[in-house]
Amino acid sequence: MSHWIIAPIVLPALVAAIMVTAFRGQLAAQRLLSLAAILGLNGIAWALLAAATQGPEAYFLGDWPAPFGIVLVLDRLSALMVVLLAGLALPVVLYAIGSGWDAKGAHFHPLLQFLLMGIGGAFLTGDAFNLFVFFEVLLIASYGLMIHGGGGARTRAGVQYIAFNLIGSSLFLLALALIYAVTGTLNMADLAVKLPTLPEGDAALLRTAAVLLILVFAIKGALVPLQFWLPGTYANAPGVVAAMFAVMTKIGAYATLRAGTLIFPADLPATGPLLSTLLQPAALVTLALGAAGVLGARTLPRLVAFGAIASMGTAFLAISAFTPQATTAALYYILHSTLATALMFLVADLVTRRRAHAGLDAPAPVAGSGPLAALFLVGAVAMVGMPPLSGFLGKLLVLDALRGQAGLVWSVVLVSSFVMILGFSRAGSLVFWKGGPSPSPAPHEPLALAAAFALLAGLVGLTVFAGPVTDWLAATAETLYAPQGYIAANRLEGGA
Amino acid sequence: MEALVASAIGILTAVGIYLTLRLRTFPVILGLTFLSYAVNLFLFASGRLAVNSAPILGRSETYSDPLPQALVLTAIVISFGMTAVMMMMAIGGHLQAGHDRIDLDARDETAGRGEGPEAGA
C-alpha cells in the first residue's frame, strides 16, 4: 500500500500540469482528463480508507527517516478527509461541466486539480511546515478559482480574501518558528513525543505558539472573530467554486483536531485545556452570528455563506470538547455539513442564474423553479438540522456529547437552529412562492441538476448508514486520543 | 545583536500592521510585505543567532542550524509569489471598479450576482 499514500497529491499535480501544457485551451480534453482524474482520486481515496482501517502508515518522502525528512501519514482521520474531498470534487466537477462555468475562464480544471492537490496534501502530511506549504498551494489555487469568470466585485472580494490569508500565513510562520525554537523539530509525531518533556521556562513560548496556531486554523475555519473573509469570498465566488470551498473551512477543523489531540493534548502541562477554553466561546458566538446572518442576508449566496459559518460553529463546538464522543459527533457533522453546504451553494447558483435579480428584498420569477424548490427545501432541511436528514442526526450527536454543559450549549444550538429555520423559510418563500410564473423557459442543464442530486444522495446515504458510519468514526476518534499508533508509524530516529 | 534583531522585527511588524489597516489596497500590500519581512527574520532567528558559523558540519568551529535557513527560503518564495498575485488582482480590481478602496460596500454585495456562465464575460 505504501506508495499509494502520495497518490492523492501526485495524481492531481500531474494531471494539472498535463492540462496546462498539452491541452491548453482545449476545454473538451480538459473536462475529460479532469473527470477521469477525480474518478481515479475517488478510487484511491477509498482504497486508502480501507488501508487506514488496518492502522496508521507513514510514507517517507525521499526515504529520509523521520523527523529529519518530511513524512506523509495516513491514518483513519486523514483517509476520511481525503474520501470527503474526493467525494465532493466529483459532483463539483460535474456541475462545472454541466452548467458551463468552466468555460467562462481559461484554467478552471487545472486550478481545481491544484486545489485538490493542496487540500489532499494538507490532510495527509505529518509535518507542520509541510502543512504550511500545502496551505499555500491550496490557497493560491483558490485565489485563481475565486476570481474565475472575473467581474469587479469578485476581483475586489478576492483581494480581501488574499489579504486575510496572507496575514494568516504570517501568523502560521510565527507559530512554526516559535515551535521550532523551543523543540527543534516540526514533525508532528516528534512534537507529540518531545513537548511533554519541555523545560518549564519554555512553556510561555509554547503557549504563544499554540494560540497563534489556533488563530490560523480559526481563520481557515471561519471562527468568530476571524470569519470576516468568508461571506464576501463565498458569496462573490462562482457558485460551483463556493461549493468546492465548502471543504476548505473543514481544513481548519481538521487541523485543529489534529493539533488538539496530537501536538497539544489537554494533558500537556505547558498548554493544558487552553485550546478548549479558547475555542468553545468562539464556537458559540460563531454559531449565533451565522444564524443571525442567515436571517439578515440580502442575497441567496450570502445566506448560504452564513449557513456555512453556523455549521462551522457547530463543528468547532463539538471539537472544542476534545473527548472521543464529541469528536465522533464533530466528524459526522463535518461530513454532513460539507455535503449540505456544497448542495446549498449549487442550488443558490442555479436559482441566481435563473432569476431576474439577485436580491432577497423583492420577489422575482425563477425559470423552471420546480426541481429547484425541491432541492432548496431538502438542502435547507439538511443545513438547519431538521429531521429526517443527517443534519438532525449530526446535531443530535453534538448535543448528546455536550450533555455536561447543557444549559448554555443546548440553548445556543437550539435557538440558532430556530433562527436559521426562519431565515431559510423567509428566503425560500420569497424566491419560490412570491416570484410568480417565469416568462423565459428554464435552461436545460441535466448534468448540473444531476450533480446537485448526487450531493443530496450523499446526504441521504449518510443518514441511512448513520449507524455503521458513526461506529467507524467512533473508532477513529478513539485512535486520535491514543496517538501511540500514529507516533509509532513515523519510526522516529535520534533524539527520542 | 539580540536586541537589534528583536527591535528590527518589532518595528517591521508594527509598520506592517499599521499599513495593513489602511483603507486602500496599495498600502495594504506594502504592509503585508513588511509583515512578511518581519516573519522571515523571526523564522531565521528561531535557529538561534550565531556569527561565524557555517550551516555545514566541519567548515567552522561551531555550526549553525541549517533548517531555519531552508524554511526561510521557502517562506520568502511563497510570500513573494503571493504578493505578486495580490498585486495583479488589486490592479485588476482597481481598473474594473475605478477606485482602489479595499472594503466592499452594500452595492458590491448584490452586484455581480445573477450573472451566470451563459451571460458571457
# chains A, B, ... in the order shown; residues from 1 in each chain; ligands from 1
$ residues_around --residues "Leu49 of chain B" --least-positions-apart "6" --cutoff "10 Å" --atoms "only C-alpha atoms" --output "PyMOL selection string"
chain B and resi 1-2+5+64-65
$ residues_around --residues "Gly31 of chain B" --least-positions-apart "3" --cutoff "12 Å" --atoms "only C-alpha atoms" --output "PyMOL selection string"
(chain A and resi 163+166-167+170) or (chain B and resi 11-28+34-38+83)
$ atom_distance --atom1 "atom CA of Arg76 of chain A" --atom2 "atom CA of Ile251 of chain A"
15.4 Å
$ atom_distance --atom1 "atom CA of Ala181 of chain A" --atom2 "atom CA of Val39 of chain B"
13.7 Å
$ interface_residues --of "chain A" --to "chain B" --cutoff "8 Å" --atoms "only C-alpha atoms" --output "PyMOL selection string"
chain A and resi 99-101+103-104+129+136+140+149-160+162-163+166-167+170+173-174+176-178+180-181+232+235-236+298-299+352-359
$ write_last_selection --atoms "C-alpha atoms" --output "short mmCIF file (atom, residue, chain, number, x, y, z; two decimals), in the first residue's frame"
data_model
loop_
_atom_site.label_atom_id
_atom_site.label_comp_id
_atom_site.auth_asym_id
_atom_site.auth_seq_id
_atom_site.Cartn_x
_atom_site.Cartn_y
_atom_site.Cartn_z
CA SER A 99 -23.52 24.49 -16.07
CA GLY A 100 -20.74 25.77 -18.33
CA TRP A 101 -18.97 27.61 -15.51
CA ALA A 103 -15.92 27.65 -19.99
CA LYS A 104 -16.05 31.15 -18.55
CA PHE A 129 5.92 23.10 7.98
CA GLU A 136 -0.24 27.89 0.42
CA ILE A 140 -3.03 30.05 -4.46
CA GLY A 149 -15.10 34.41 -14.56
CA GLY A 150 -13.92 37.87 -13.48
CA GLY A 151 -16.01 40.90 -12.62
CA GLY A 152 -15.25 43.95 -10.47
CA ALA A 153 -16.91 42.91 -7.23
CA ARG A 154 -15.48 39.40 -7.47
CA THR A 155 -11.94 40.63 -8.03
CA ARG A 156 -12.17 43.08 -5.14
CA ALA A 157 -13.58 40.40 -2.84
CA GLY A 158 -10.63 38.29 -3.99
CA VAL A 159 -8.17 40.98 -2.90
CA GLN A 160 -9.70 40.96 0.59
CA ILE A 162 -5.84 37.16 -0.27
CA ALA A 163 -5.00 39.89 2.25
CA LEU A 166 -1.53 36.42 3.80
CA ILE A 167 -1.89 37.63 7.37
CA SER A 170 2.37 35.18 8.57
CA LEU A 173 5.05 31.04 10.17
CA LEU A 174 5.42 32.84 13.51
CA LEU A 176 6.08 27.41 13.46
CA ALA A 177 9.18 29.47 14.25
CA LEU A 178 8.25 29.53 17.95
CA TYR A 180 10.91 25.12 16.22
CA ALA A 181 12.77 27.45 18.54
CA GLY A 232 -17.65 38.15 0.87
CA ALA A 235 -20.89 34.93 -1.99
CA ASN A 236 -18.77 36.53 -4.71
CA ARG A 298 -29.65 40.09 1.28
CA THR A 299 -28.72 37.55 -1.41
CA THR A 352 -29.46 33.14 -9.06
CA ARG A 353 -28.69 32.33 -12.67
CA ARG A 354 -32.39 31.80 -13.49
CA ARG A 355 -33.70 34.77 -11.59
CA ALA A 356 -34.08 38.33 -12.86
CA HIS A 357 -32.14 39.91 -9.99
CA ALA A 358 -30.09 38.66 -7.09
CA GLY A 359 -31.52 40.48 -4.07
#
$ residues_around --residues "Gly25 of chain A" --least-positions-apart "3" --cutoff "12 Å" --atoms "only C-alpha atoms" --output "PyMOL selection string"
chain A and resi 19-22+28-31+102-110
$ closest_residue --among "A:Ala475, A:Leu397, A:Ala242, A:Val347" --to "Ala315 of chain A" --atoms "only C-alpha atoms"
A:Leu397
$ atom_distance --atom1 "atom CA of Leu456 of chain A" --atom2 "atom CA of Val415 of chain A"
25.7 Å
